[in-house]
>>> print(open('my_file36.txt').read())   # compact mmCIF, C-alpha atoms
# COMPACT_ATOMS: atom_id res chain seq x y z
CA MET A 27 -47.18 -48.45 -133.50
CA THR A 28 -46.21 -50.58 -136.40
CA GLU A 29 -49.52 -52.07 -137.52
CA ALA A 30 -47.52 -53.43 -140.40
CA VAL A 31 -49.41 -54.41 -143.49
CA ARG A 32 -47.96 -57.79 -144.29
CA LYS A 33 -48.60 -60.71 -146.54
CA ALA A 34 -51.12 -62.69 -144.61
CA VAL A 35 -54.01 -65.07 -145.00
CA THR A 36 -57.06 -62.91 -144.54
CA PRO A 37 -60.54 -64.29 -145.04
CA THR A 38 -62.09 -63.11 -148.27
CA LYS A 39 -63.68 -59.73 -147.92
CA ALA A 40 -66.36 -58.50 -150.22
CA ALA A 41 -65.66 -54.81 -149.79
CA ALA A 42 -68.78 -53.78 -151.59
CA ALA A 43 -70.92 -55.83 -149.22
CA ALA A 44 -69.18 -54.74 -146.01
CA ALA A 45 -71.48 -52.29 -144.24
CA PRO A 46 -69.78 -49.57 -142.19
CA VAL A 47 -70.63 -49.95 -138.49
CA VAL A 48 -69.58 -47.99 -135.40
CA TYR A 49 -70.04 -49.47 -131.95
CA VAL A 50 -70.06 -46.85 -129.20
CA CYS A 51 -69.97 -47.78 -125.52
CA ILE A 52 -72.74 -45.85 -123.75
CA THR A 53 -71.52 -46.68 -120.24
CA CYS A 54 -68.07 -45.14 -120.62
CA ARG A 55 -67.11 -42.45 -118.12
CA ARG A 56 -64.10 -40.24 -118.55
CA ALA A 57 -61.22 -41.74 -116.60
CA GLY A 58 -60.53 -39.93 -113.34
CA GLU A 59 -63.66 -37.81 -113.47
CA PRO A 60 -66.76 -38.18 -111.29
CA ASP A 61 -69.78 -39.96 -112.70
CA SER A 62 -72.26 -37.86 -114.62
CA ALA A 63 -75.56 -38.30 -116.41
CA PRO A 64 -75.76 -38.68 -119.30
CA ARG A 65 -72.44 -40.43 -119.41
CA PRO A 66 -69.77 -39.22 -121.85
CA GLY A 67 -70.16 -42.49 -123.75
CA ALA A 68 -73.87 -41.91 -124.24
CA LEU A 69 -73.19 -38.38 -125.46
CA LEU A 70 -70.63 -39.73 -127.92
CA ALA A 71 -73.10 -42.34 -129.16
CA ALA A 72 -75.75 -39.68 -129.73
CA ALA A 73 -73.26 -37.40 -131.51
CA THR A 74 -72.13 -40.30 -133.72
CA GLU A 75 -75.72 -41.12 -134.62
CA ARG A 76 -76.22 -37.51 -135.65
CA ALA A 77 -72.96 -37.56 -137.65
CA ALA A 78 -74.05 -40.74 -139.44
CA PHE A 79 -77.54 -39.49 -140.23
CA GLY A 80 -78.23 -39.75 -143.93
CA THR A 81 -75.18 -41.93 -144.59
CA GLU A 82 -74.89 -45.71 -144.98
CA VAL A 83 -73.05 -45.94 -141.63
CA GLU A 84 -74.85 -47.80 -138.87
CA VAL A 85 -74.21 -46.70 -135.27
CA ARG A 86 -74.81 -49.35 -132.64
CA PRO A 87 -74.67 -48.33 -128.98
CA LEU A 88 -73.54 -51.09 -126.66
CA ARG A 89 -72.29 -51.64 -123.14
CA CYS A 90 -68.68 -52.17 -122.31
CA LEU A 91 -65.77 -52.69 -124.65
CA ALA A 92 -63.73 -53.25 -121.45
CA ASN A 93 -61.63 -50.18 -122.18
CA CYS A 94 -62.98 -48.57 -119.01
CA SER A 95 -59.73 -46.93 -117.89
CA ARG A 96 -59.28 -45.11 -121.21
CA GLY A 97 -62.81 -44.31 -122.34
CA PRO A 98 -64.97 -43.09 -123.90
CA SER A 99 -64.60 -45.99 -126.30
CA ALA A 100 -65.77 -47.05 -129.72
CA ALA A 101 -65.01 -49.91 -132.09
CA LEU A 102 -65.05 -50.21 -135.84
CA PRO A 103 -65.88 -53.73 -136.95
CA CYS A 104 -66.29 -54.92 -140.50
CA SER A 105 -66.87 -58.42 -141.77
CA GLY A 106 -63.60 -59.87 -143.05
CA SER A 107 -61.58 -56.92 -141.70
CA TRP A 108 -59.54 -56.21 -138.61
CA THR A 109 -61.63 -54.61 -135.85
CA TYR A 110 -60.28 -51.41 -134.29
CA VAL A 111 -60.88 -50.15 -130.75
CA PHE A 112 -60.42 -46.49 -129.91
CA GLY A 113 -60.35 -44.67 -126.59
CA ALA A 114 -60.10 -41.22 -125.04
CA LEU A 115 -62.83 -40.06 -127.39
CA ASP A 116 -65.28 -37.19 -126.99
CA VAL A 117 -68.22 -35.81 -128.91
CA ASP A 118 -65.86 -33.99 -131.27
CA CYS A 119 -64.72 -37.43 -132.52
CA ALA A 120 -68.12 -38.39 -133.93
CA ASP A 121 -67.31 -37.35 -137.49
CA ALA A 122 -63.98 -39.17 -137.28
CA LEU A 123 -65.71 -42.41 -136.26
CA VAL A 124 -68.14 -42.19 -139.16
CA ALA A 125 -65.32 -41.43 -141.59
CA GLY A 126 -63.23 -44.27 -140.14
CA ALA A 127 -66.06 -46.78 -140.54
CA ARG A 128 -66.41 -45.85 -144.20
CA LEU A 129 -62.65 -46.01 -144.71
CA LEU A 130 -62.50 -49.51 -143.21
CA ALA A 131 -65.49 -50.75 -145.18
CA GLY A 132 -63.77 -49.63 -148.37
CA ALA A 133 -60.38 -51.16 -147.54
CA ALA A 134 -60.00 -54.22 -149.75
CA ASP A 135 -57.23 -55.64 -147.54
CA GLY A 136 -59.25 -55.33 -144.35
CA VAL A 137 -56.78 -52.91 -142.77
CA LEU A 138 -57.75 -49.37 -141.76
CA PRO A 139 -55.37 -47.23 -143.80
CA TRP A 140 -53.12 -44.76 -141.99
CA ARG A 141 -53.23 -42.32 -144.86
CA GLY A 142 -56.51 -40.48 -144.69
CA ARG A 143 -57.31 -41.83 -141.24
CA PRO A 144 -58.81 -39.08 -139.06
CA GLU A 145 -56.39 -37.77 -136.40
CA ALA A 146 -58.62 -38.93 -133.53
CA LEU A 147 -58.32 -42.48 -134.86
CA LYS A 148 -54.55 -42.23 -135.03
CA ARG A 149 -53.85 -41.02 -131.51
CA GLY A 150 -56.71 -42.90 -129.84
CA LEU A 151 -56.00 -46.43 -131.02
CA ILE A 152 -56.27 -48.93 -128.16
CA ALA A 153 -56.04 -52.27 -129.96
CA ARG A 154 -56.99 -54.08 -133.13
CA VAL A 155 -58.00 -57.69 -133.59
CA PRO A 156 -57.83 -59.75 -136.75
CA PRO A 157 -60.84 -61.14 -138.56
CA ILE A 158 -61.92 -64.63 -137.58
CA GLY A 159 -59.78 -67.14 -139.45
CA PHE A 160 -56.80 -64.81 -139.92
CA GLU A 161 -53.38 -66.43 -140.17
CA GLU A 162 -50.06 -64.66 -140.54
CA THR A 163 -48.23 -66.53 -143.26
CA ASP A 164 -44.66 -65.81 -142.25
CA ALA A 165 -44.83 -65.60 -138.47
CA MET B 6 -64.78 -53.17 -115.31
CA THR B 7 -68.37 -54.05 -115.79
CA GLU B 8 -68.38 -56.31 -118.84
CA ALA B 9 -72.04 -56.80 -118.02
CA VAL B 10 -73.70 -59.86 -119.43
CA ARG B 11 -76.90 -58.46 -120.86
CA LYS B 12 -79.76 -59.50 -123.03
CA ALA B 13 -78.42 -58.90 -126.49
CA VAL B 14 -78.68 -60.08 -130.06
CA THR B 15 -75.63 -62.25 -130.53
CA PRO B 16 -75.06 -64.18 -133.73
CA THR B 17 -75.71 -67.87 -133.28
CA LYS B 18 -72.74 -69.67 -131.90
CA ALA B 19 -72.24 -73.38 -132.32
CA ALA B 20 -70.13 -73.88 -129.21
CA ALA B 21 -69.15 -77.39 -130.14
CA ALA B 22 -67.78 -76.21 -133.47
CA ALA B 23 -65.90 -73.18 -132.12
CA ALA B 24 -62.20 -74.00 -132.13
CA PRO B 25 -60.12 -72.40 -129.37
CA VAL B 26 -57.51 -70.03 -130.82
CA VAL B 27 -54.88 -67.80 -129.23
CA TYR B 28 -53.28 -65.00 -131.22
CA VAL B 29 -49.95 -63.86 -129.77
CA CYS B 30 -48.13 -60.77 -131.04
CA ILE B 31 -44.52 -61.72 -131.71
CA THR B 32 -43.31 -58.14 -132.15
CA CYS B 33 -44.35 -56.92 -128.68
CA ARG B 34 -41.64 -55.44 -126.52
CA ARG B 35 -42.11 -54.75 -122.84
CA ALA B 36 -43.12 -51.11 -122.40
CA GLY B 37 -40.29 -48.93 -121.17
CA GLU B 38 -37.60 -51.55 -121.64
CA PRO B 39 -34.89 -51.59 -124.30
CA ASP B 40 -35.36 -53.80 -127.33
CA SER B 41 -34.16 -57.38 -127.05
CA ALA B 42 -33.98 -60.48 -129.22
CA PRO B 43 -35.98 -62.60 -129.13
CA ARG B 44 -38.69 -60.16 -128.25
CA PRO B 45 -40.87 -60.83 -125.20
CA GLY B 46 -43.82 -61.36 -127.54
CA ALA B 47 -41.98 -64.07 -129.45
CA LEU B 48 -41.05 -65.77 -126.18
CA LEU B 49 -44.70 -65.64 -125.09
CA ALA B 50 -45.81 -67.13 -128.41
CA ALA B 51 -43.34 -69.99 -128.06
CA ALA B 52 -44.39 -70.63 -124.46
CA THR B 53 -48.05 -70.63 -125.48
CA GLU B 54 -47.36 -73.09 -128.27
CA ARG B 55 -45.69 -75.38 -125.72
CA ALA B 56 -48.61 -74.96 -123.32
CA ALA B 57 -51.10 -75.83 -126.07
CA PHE B 58 -49.17 -78.87 -127.28
CA GLY B 59 -51.40 -81.94 -127.29
CA THR B 60 -54.57 -79.89 -126.79
CA GLU B 61 -57.16 -78.74 -129.32
CA VAL B 62 -56.04 -75.12 -128.88
CA GLU B 63 -54.44 -73.49 -131.91
CA VAL B 64 -51.79 -70.83 -131.31
CA ARG B 65 -51.31 -68.32 -134.11
CA PRO B 66 -48.41 -65.89 -133.90
CA LEU B 67 -49.06 -62.57 -135.61
CA ARG B 68 -47.72 -59.06 -135.83
CA CYS B 69 -49.25 -56.17 -134.00
CA LEU B 70 -52.47 -56.03 -132.09
CA ALA B 71 -51.75 -52.28 -131.73
CA ASN B 72 -51.45 -52.64 -127.96
CA CYS B 73 -47.80 -51.62 -128.20
CA SER B 74 -47.70 -49.46 -125.06
CA ARG B 75 -49.03 -52.25 -122.86
CA GLY B 76 -47.56 -55.43 -124.36
CA PRO B 77 -46.81 -58.25 -124.59
CA SER B 78 -50.23 -58.84 -126.08
CA ALA B 79 -52.50 -61.69 -127.03
CA ALA B 80 -56.07 -62.03 -128.25
CA LEU B 81 -58.67 -64.74 -127.85
CA PRO B 82 -61.03 -64.84 -130.81
CA CYS B 83 -63.82 -67.32 -131.33
CA SER B 84 -66.40 -67.43 -134.09
CA GLY B 85 -69.68 -65.98 -132.80
CA SER B 86 -68.08 -64.80 -129.54
CA TRP B 87 -66.66 -61.57 -128.24
CA THR B 88 -62.92 -61.27 -128.89
CA TYR B 89 -60.70 -60.41 -125.91
CA VAL B 90 -57.37 -58.56 -125.99
CA PHE B 91 -54.93 -58.91 -123.10
CA GLY B 92 -51.74 -57.03 -122.28
CA ALA B 93 -48.85 -56.88 -119.82
CA LEU B 94 -48.37 -60.61 -120.34
CA ASP B 95 -45.24 -62.71 -119.88
CA VAL B 96 -44.25 -66.30 -120.45
CA ASP B 97 -45.87 -67.31 -117.18
CA CYS B 98 -49.24 -66.40 -118.75
CA ALA B 99 -49.04 -69.10 -121.43
CA ASP B 100 -51.15 -71.61 -119.52
CA ALA B 101 -53.70 -68.91 -118.74
CA LEU B 102 -54.08 -68.07 -122.45
CA VAL B 103 -54.64 -71.69 -123.36
CA ALA B 104 -57.16 -72.12 -120.53
CA GLY B 105 -58.89 -68.88 -121.53
CA ALA B 106 -59.23 -69.95 -125.16
CA ARG B 107 -60.90 -73.20 -124.07
CA LEU B 108 -63.16 -71.32 -121.66
CA LEU B 109 -64.29 -68.95 -124.40
CA ALA B 110 -64.83 -71.72 -126.93
CA GLY B 111 -67.07 -73.47 -124.41
CA ALA B 112 -69.10 -70.37 -123.50
CA ALA B 113 -72.50 -70.76 -125.12
CA ASP B 114 -73.26 -67.02 -124.76
CA GLY B 115 -70.02 -65.95 -126.40
CA VAL B 116 -68.80 -64.15 -123.27
CA LEU B 117 -65.61 -65.15 -121.46
CA PRO B 118 -66.84 -66.01 -117.97
CA TRP B 119 -65.34 -64.19 -115.00
CA ARG B 120 -65.72 -67.20 -112.77
CA GLY B 121 -62.95 -69.61 -113.57
CA ARG B 122 -61.09 -67.07 -115.68
CA PRO B 123 -57.33 -67.26 -115.00
CA GLU B 124 -56.04 -64.33 -112.92
CA ALA B 125 -53.75 -63.10 -115.72
CA LEU B 126 -56.83 -62.70 -117.92
CA LYS B 127 -58.64 -60.73 -115.26
CA ARG B 128 -55.98 -58.12 -114.52
CA GLY B 129 -54.60 -57.91 -118.07
CA LEU B 130 -57.78 -57.18 -120.01
CA ILE B 131 -57.24 -54.38 -122.53
CA ALA B 132 -60.46 -54.45 -124.54
CA ARG B 133 -63.10 -56.73 -125.95
CA VAL B 134 -65.02 -56.45 -129.21
CA PRO B 135 -68.35 -57.99 -130.07
CA PRO B 136 -68.87 -60.62 -132.74
CA ILE B 137 -69.73 -59.34 -136.20
CA GLY B 138 -73.45 -58.63 -136.33
CA PHE B 139 -73.85 -58.03 -132.58
CA GLU B 140 -76.63 -55.68 -131.52
CA GLU B 141 -77.45 -54.62 -127.97
CA THR B 142 -81.21 -54.94 -127.70
CA ASP B 143 -81.87 -52.34 -125.01
CA ALA B 144 -79.22 -49.72 -125.62
>>> encode(input="my_file36.txt", output="C-alpha cells")
Amino acid sequence: MTEAVRKAVTPTKAAAAAAPVVYVCITCRRAGEPDSAPRPGALLAAATERAAFGTEVEVRPLRCLANCSRGPSAALPCSGSWTYVFGALDVDCADALVAGARLLAGAADGVLPWRGRPEALKRGLIARVPPIGFEETDA
Amino acid sequence: MTEAVRKAVTPTKAAAAAAPVVYVCITCRRAGEPDSAPRPGALLAAATERAAFGTEVEVRPLRCLANCSRGPSAALPCSGSWTYVFGALDVDCADALVAGARLLAGAADGVLPWRGRPEALKRGLIARVPPIGFEETDA
C-alpha cells in the first residue's frame, strides 16, 4: 500500500483538541467460522475497553462497519484526520487499537504514521477515508 | 451484510446543505493485473467526472484509500453522514457513484439507503465509517 503522504488541502486539525476514539463493531463474526456468543467483535470491544481504561481514549462499540467478510473490525476516527478501518482483528489487538488512536490523535497532518504504528494496524488495514472537505491539490 | 439502521446518536445533518461528493482513487490498479497507464483508477475518475458534468455532484480525485487489493476504489463522504468505501469498480460504475453520492446527500438519517442503491454500490461495498461524533445508543 502506498498511503502516500502528499501535499494536500486538509481541513485544519487542532491536534491538541482531537480526542482519541476507537469504534469496535460488536456484531462481527470471524469469517468462515460458525456463529458464537459472545461474538468475536463483542469480545474485542470489551478487551479494547479494558485496554483503554485509565487513558484518554474513548472506546465506542457500534454495529456494522460493513467489513463483514474480513472482521472483526474497528475504526479509528479523529476530527480533521483520515479515518482508518481495520479487519481480521482479535482480542490481542486491543492494545494496538488504543495505541493507534493515540497516534492518530497526535498526528498534526491527520495521517496515521507508519513508523511506530502497531503491527496489527499495518497488516490489518482495510481502507482509509479522508476528512470531510479534503482535496488533493495535485490530482 | 447487515448495515442495520438502528437508533443511534448521529450528529445533526442538514440534508439540504450536504453537497454530494465522490472521491476516486487515481492510483488504483486492478488487483492481479499488470500495471498500465493510465491506471484504471484514473480512468474511473475521468469517467465519474464526465458522469457528474452538469450536476451538483463534485468529483475529487485523490491518492490511496488503502483498498489497494480490491481496487479500483471510490468513497462517498457527506458531512454528518456515514462514509462509504467501494471497490472492484470500473468505468461502467461512474453513473452509479454519482447516483450514490446524491442518494447519500439526500438521506436525512445519514445512511445510504439499500433501496434504490445502484447495484455496483451493493456488491462493491468495502467498509463504511460513522460520522465524527457518532455514538450507538444501545451498544
>>> interface_residues(input="my_file36.txt", of="chain B", to="chain A", cutoff="7 Å", atoms="only C-alpha atoms", output="VMD selection string")
chain B and resid 6 to 8 65 to 67 69 to 73 82 84 131 to 134 137 140 to 141 144
>>> atom_distance(input="my_file36.txt", atom1="atom CA of A:Arg128", atom2="atom CA of A:Glu84")
10.2 Å
>>> residues_near_point(input="my_file36.txt", point="(-60.3, -75.1, -135.0)", cutoff="9 Å", atoms="all atoms listed in the file", output="MDAnalysis selection string")
chainID B and resid 22:26 61:63
>>> residues_around(input="my_file36.txt", residues="A:Arg56", least_positions_apart="5", cutoff="9 Å", atoms="only C-alpha atoms", output="list in words")
Asp61, Arg65, Pro66, Gly67, Cys94, Ser95, Arg96, Gly97, Pro98, Ala114 and Leu115 of chain A
>>> atom_distance(input="my_file36.txt", atom1="atom CA of B:Ala57", atom2="atom CA of B:Gly111")
16.2 Å
>>> atom_distance(input="my_file36.txt", atom1="atom CA of A:Ala63", atom2="atom CA of A:Ala77")
21.4 Å
>>> residues_near_point(input="my_file36.txt", point="(-56.4, -38.8, -139.9)", cutoff="12 Å", atoms="all atoms listed in the file", output="PyMOL selection string")
chain A and resi 119+121-123+125-126+129+138-151
>>> write_last_selection(input="my_file36.txt", atoms="C-alpha atoms", output="short mmCIF file (atom, residue, chain, number, x, y, z; two decimals), keeping the file's coordinate frame")
data_model
loop_
_atom_site.label_atom_id
_atom_site.label_comp_id
_atom_site.auth_asym_id
_atom_site.auth_seq_id
_atom_site.Cartn_x
_atom_site.Cartn_y
_atom_site.Cartn_z
CA CYS A 119 -64.72 -37.43 -132.52
CA ASP A 121 -67.31 -37.35 -137.49
CA ALA A 122 -63.98 -39.17 -137.28
CA LEU A 123 -65.71 -42.41 -136.26
CA ALA A 125 -65.32 -41.43 -141.59
CA GLY A 126 -63.23 -44.27 -140.14
CA LEU A 129 -62.65 -46.01 -144.71
CA LEU A 138 -57.75 -49.37 -141.76
CA PRO A 139 -55.37 -47.23 -143.80
CA TRP A 140 -53.12 -44.76 -141.99
CA ARG A 141 -53.23 -42.32 -144.86
CA GLY A 142 -56.51 -40.48 -144.69
CA ARG A 143 -57.31 -41.83 -141.24
CA PRO A 144 -58.81 -39.08 -139.06
CA GLU A 145 -56.39 -37.77 -136.40
CA ALA A 146 -58.62 -38.93 -133.53
CA LEU A 147 -58.32 -42.48 -134.86
CA LYS A 148 -54.55 -42.23 -135.03
CA ARG A 149 -53.85 -41.02 -131.51
CA GLY A 150 -56.71 -42.90 -129.84
CA LEU A 151 -56.00 -46.43 -131.02
#
>>> build_atoms(input="my_file36.txt", residues="stretch 35-69 of chain B", atoms="N, CA and C atoms", output="PDB file, in the frame of the given file")
ATOM      1  N   ARG B  35     -41.536 -55.133-124.118  1.00  0.00           N
ATOM      2  CA  ARG B  35     -42.110 -54.750-122.840  1.00  0.00           C
ATOM      3  C   ARG B  35     -41.978 -53.229-122.733  1.00  0.00           C
ATOM      4  N   ALA B  36     -43.102 -52.582-122.424  1.00  0.00           N
ATOM      5  CA  ALA B  36     -43.120 -51.110-122.400  1.00  0.00           C
ATOM      6  C   ALA B  36     -42.046 -50.564-121.479  1.00  0.00           C
ATOM      7  N   GLY B  37     -41.296 -49.602-121.982  1.00  0.00           N
ATOM      8  CA  GLY B  37     -40.290 -48.930-121.170  1.00  0.00           C
ATOM      9  C   GLY B  37     -38.980 -49.661-121.051  1.00  0.00           C
ATOM     10  N   GLU B  38     -38.862 -50.808-121.700  1.00  0.00           N
ATOM     11  CA  GLU B  38     -37.600 -51.550-121.640  1.00  0.00           C
ATOM     12  C   GLU B  38     -36.916 -51.517-122.998  1.00  0.00           C
ATOM     13  N   PRO B  39     -35.595 -51.624-123.009  1.00  0.00           N
ATOM     14  CA  PRO B  39     -34.890 -51.590-124.300  1.00  0.00           C
ATOM     15  C   PRO B  39     -35.247 -52.819-125.139  1.00  0.00           C
ATOM     16  N   ASP B  40     -35.045 -52.695-126.432  1.00  0.00           N
ATOM     17  CA  ASP B  40     -35.360 -53.800-127.330  1.00  0.00           C
ATOM     18  C   ASP B  40     -34.451 -54.993-127.026  1.00  0.00           C
ATOM     19  N   SER B  41     -34.944 -56.163-127.302  1.00  0.00           N
ATOM     20  CA  SER B  41     -34.160 -57.380-127.050  1.00  0.00           C
ATOM     21  C   SER B  41     -34.559 -58.412-128.097  1.00  0.00           C
ATOM     22  N   ALA B  42     -33.679 -59.394-128.283  1.00  0.00           N
ATOM     23  CA  ALA B  42     -33.980 -60.480-129.220  1.00  0.00           C
ATOM     24  C   ALA B  42     -33.694 -61.805-128.526  1.00  0.00           C
ATOM     25  N   PRO B  43     -34.635 -62.735-128.570  1.00  0.00           N
ATOM     26  CA  PRO B  43     -35.980 -62.600-129.130  1.00  0.00           C
ATOM     27  C   PRO B  43     -36.827 -61.643-128.294  1.00  0.00           C
ATOM     28  N   ARG B  44     -37.819 -61.107-128.942  1.00  0.00           N
ATOM     29  CA  ARG B  44     -38.690 -60.160-128.250  1.00  0.00           C
ATOM     30  C   ARG B  44     -39.584 -60.897-127.246  1.00  0.00           C
ATOM     31  N   PRO B  45     -39.979 -60.192-126.185  1.00  0.00           N
ATOM     32  CA  PRO B  45     -40.870 -60.830-125.200  1.00  0.00           C
ATOM     33  C   PRO B  45     -42.128 -61.439-125.823  1.00  0.00           C
ATOM     34  N   GLY B  46     -42.641 -60.815-126.873  1.00  0.00           N
ATOM     35  CA  GLY B  46     -43.820 -61.360-127.540  1.00  0.00           C
ATOM     36  C   GLY B  46     -43.540 -62.699-128.198  1.00  0.00           C
ATOM     37  N   ALA B  47     -42.365 -62.809-128.810  1.00  0.00           N
ATOM     38  CA  ALA B  47     -41.980 -64.070-129.450  1.00  0.00           C
ATOM     39  C   ALA B  47     -41.792 -65.167-128.399  1.00  0.00           C
ATOM     40  N   LEU B  48     -41.226 -64.793-127.265  1.00  0.00           N
ATOM     41  CA  LEU B  48     -41.050 -65.770-126.180  1.00  0.00           C
ATOM     42  C   LEU B  48     -42.421 -66.229-125.653  1.00  0.00           C
ATOM     43  N   LEU B  49     -43.350 -65.283-125.542  1.00  0.00           N
ATOM     44  CA  LEU B  49     -44.700 -65.640-125.090  1.00  0.00           C
ATOM     45  C   LEU B  49     -45.378 -66.569-126.100  1.00  0.00           C
ATOM     46  N   ALA B  50     -45.206 -66.274-127.386  1.00  0.00           N
ATOM     47  CA  ALA B  50     -45.810 -67.130-128.410  1.00  0.00           C
ATOM     48  C   ALA B  50     -45.262 -68.550-128.323  1.00  0.00           C
ATOM     49  N   ALA B  51     -43.944 -68.658-128.157  1.00  0.00           N
ATOM     50  CA  ALA B  51     -43.340 -69.990-128.060  1.00  0.00           C
ATOM     51  C   ALA B  51     -43.825 -70.723-126.816  1.00  0.00           C
ATOM     52  N   ALA B  52     -43.915 -70.003-125.702  1.00  0.00           N
ATOM     53  CA  ALA B  52     -44.390 -70.630-124.460  1.00  0.00           C
ATOM     54  C   ALA B  52     -45.843 -71.074-124.596  1.00  0.00           C
ATOM     55  N   THR B  53     -46.635 -70.281-125.314  1.00  0.00           N
ATOM     56  CA  THR B  53     -48.050 -70.630-125.480  1.00  0.00           C
ATOM     57  C   THR B  53     -48.194 -71.842-126.394  1.00  0.00           C
ATOM     58  N   GLU B  54     -47.347 -71.911-127.406  1.00  0.00           N
ATOM     59  CA  GLU B  54     -47.360 -73.090-128.270  1.00  0.00           C
ATOM     60  C   GLU B  54     -47.004 -74.352-127.467  1.00  0.00           C
ATOM     61  N   ARG B  55     -46.035 -74.227-126.575  1.00  0.00           N
ATOM     62  CA  ARG B  55     -45.690 -75.380-125.720  1.00  0.00           C
ATOM     63  C   ARG B  55     -46.860 -75.729-124.807  1.00  0.00           C
ATOM     64  N   ALA B  56     -47.500 -74.708-124.250  1.00  0.00           N
ATOM     65  CA  ALA B  56     -48.610 -74.960-123.320  1.00  0.00           C
ATOM     66  C   ALA B  56     -49.797 -75.606-124.028  1.00  0.00           C
ATOM     67  N   ALA B  57     -49.959 -75.298-125.323  1.00  0.00           N
ATOM     68  CA  ALA B  57     -51.100 -75.830-126.070  1.00  0.00           C
ATOM     69  C   ALA B  57     -50.810 -77.193-126.687  1.00  0.00           C
ATOM     70  N   PHE B  58     -49.560 -77.617-126.616  1.00  0.00           N
ATOM     71  CA  PHE B  58     -49.170 -78.870-127.280  1.00  0.00           C
ATOM     72  C   PHE B  58     -50.021 -80.035-126.744  1.00  0.00           C
ATOM     73  N   GLY B  59     -50.588 -80.791-127.673  1.00  0.00           N
ATOM     74  CA  GLY B  59     -51.400 -81.940-127.290  1.00  0.00           C
ATOM     75  C   GLY B  59     -52.834 -81.599-126.941  1.00  0.00           C
ATOM     76  N   THR B  60     -53.184 -80.301-127.025  1.00  0.00           N
ATOM     77  CA  THR B  60     -54.570 -79.890-126.790  1.00  0.00           C
ATOM     78  C   THR B  60     -55.208 -79.522-128.138  1.00  0.00           C
ATOM     79  N   GLU B  61     -56.468 -79.172-128.105  1.00  0.00           N
ATOM     80  CA  GLU B  61     -57.160 -78.740-129.320  1.00  0.00           C
ATOM     81  C   GLU B  61     -56.966 -77.245-129.593  1.00  0.00           C
ATOM     82  N   VAL B  62     -56.214 -76.571-128.743  1.00  0.00           N
ATOM     83  CA  VAL B  62     -56.040 -75.120-128.880  1.00  0.00           C
ATOM     84  C   VAL B  62     -54.985 -74.804-129.946  1.00  0.00           C
ATOM     85  N   GLU B  63     -55.354 -73.896-130.844  1.00  0.00           N
ATOM     86  CA  GLU B  63     -54.440 -73.490-131.910  1.00  0.00           C
ATOM     87  C   GLU B  63     -53.809 -72.146-131.557  1.00  0.00           C
ATOM     88  N   VAL B  64     -52.500 -72.078-131.603  1.00  0.00           N
ATOM     89  CA  VAL B  64     -51.790 -70.830-131.310  1.00  0.00           C
ATOM     90  C   VAL B  64     -51.306 -70.235-132.621  1.00  0.00           C
ATOM     91  N   ARG B  65     -51.680 -68.992-132.854  1.00  0.00           N
ATOM     92  CA  ARG B  65     -51.310 -68.320-134.110  1.00  0.00           C
ATOM     93  C   ARG B  65     -50.508 -67.051-133.813  1.00  0.00           C
ATOM     94  N   PRO B  66     -49.212 -67.102-134.059  1.00  0.00           N
ATOM     95  CA  PRO B  66     -48.410 -65.890-133.900  1.00  0.00           C
ATOM     96  C   PRO B  66     -48.805 -64.868-134.972  1.00  0.00           C
ATOM     97  N   LEU B  67     -48.793 -63.616-134.618  1.00  0.00           N
ATOM     98  CA  LEU B  67     -49.060 -62.570-135.610  1.00  0.00           C
ATOM     99  C   LEU B  67     -48.286 -61.318-135.223  1.00  0.00           C
ATOM    100  N   ARG B  68     -48.418 -60.308-136.079  1.00  0.00           N
ATOM    101  CA  ARG B  68     -47.720 -59.060-135.830  1.00  0.00           C
ATOM    102  C   ARG B  68     -48.703 -57.942-135.566  1.00  0.00           C
ATOM    103  N   CYS B  69     -48.630 -57.428-134.390  1.00  0.00           N
ATOM    104  CA  CYS B  69     -49.250 -56.170-134.000  1.00  0.00           C
ATOM    105  C   CYS B  69     -50.757 -56.229-133.788  1.00  0.00           C
TER     106      CYS B  69
END
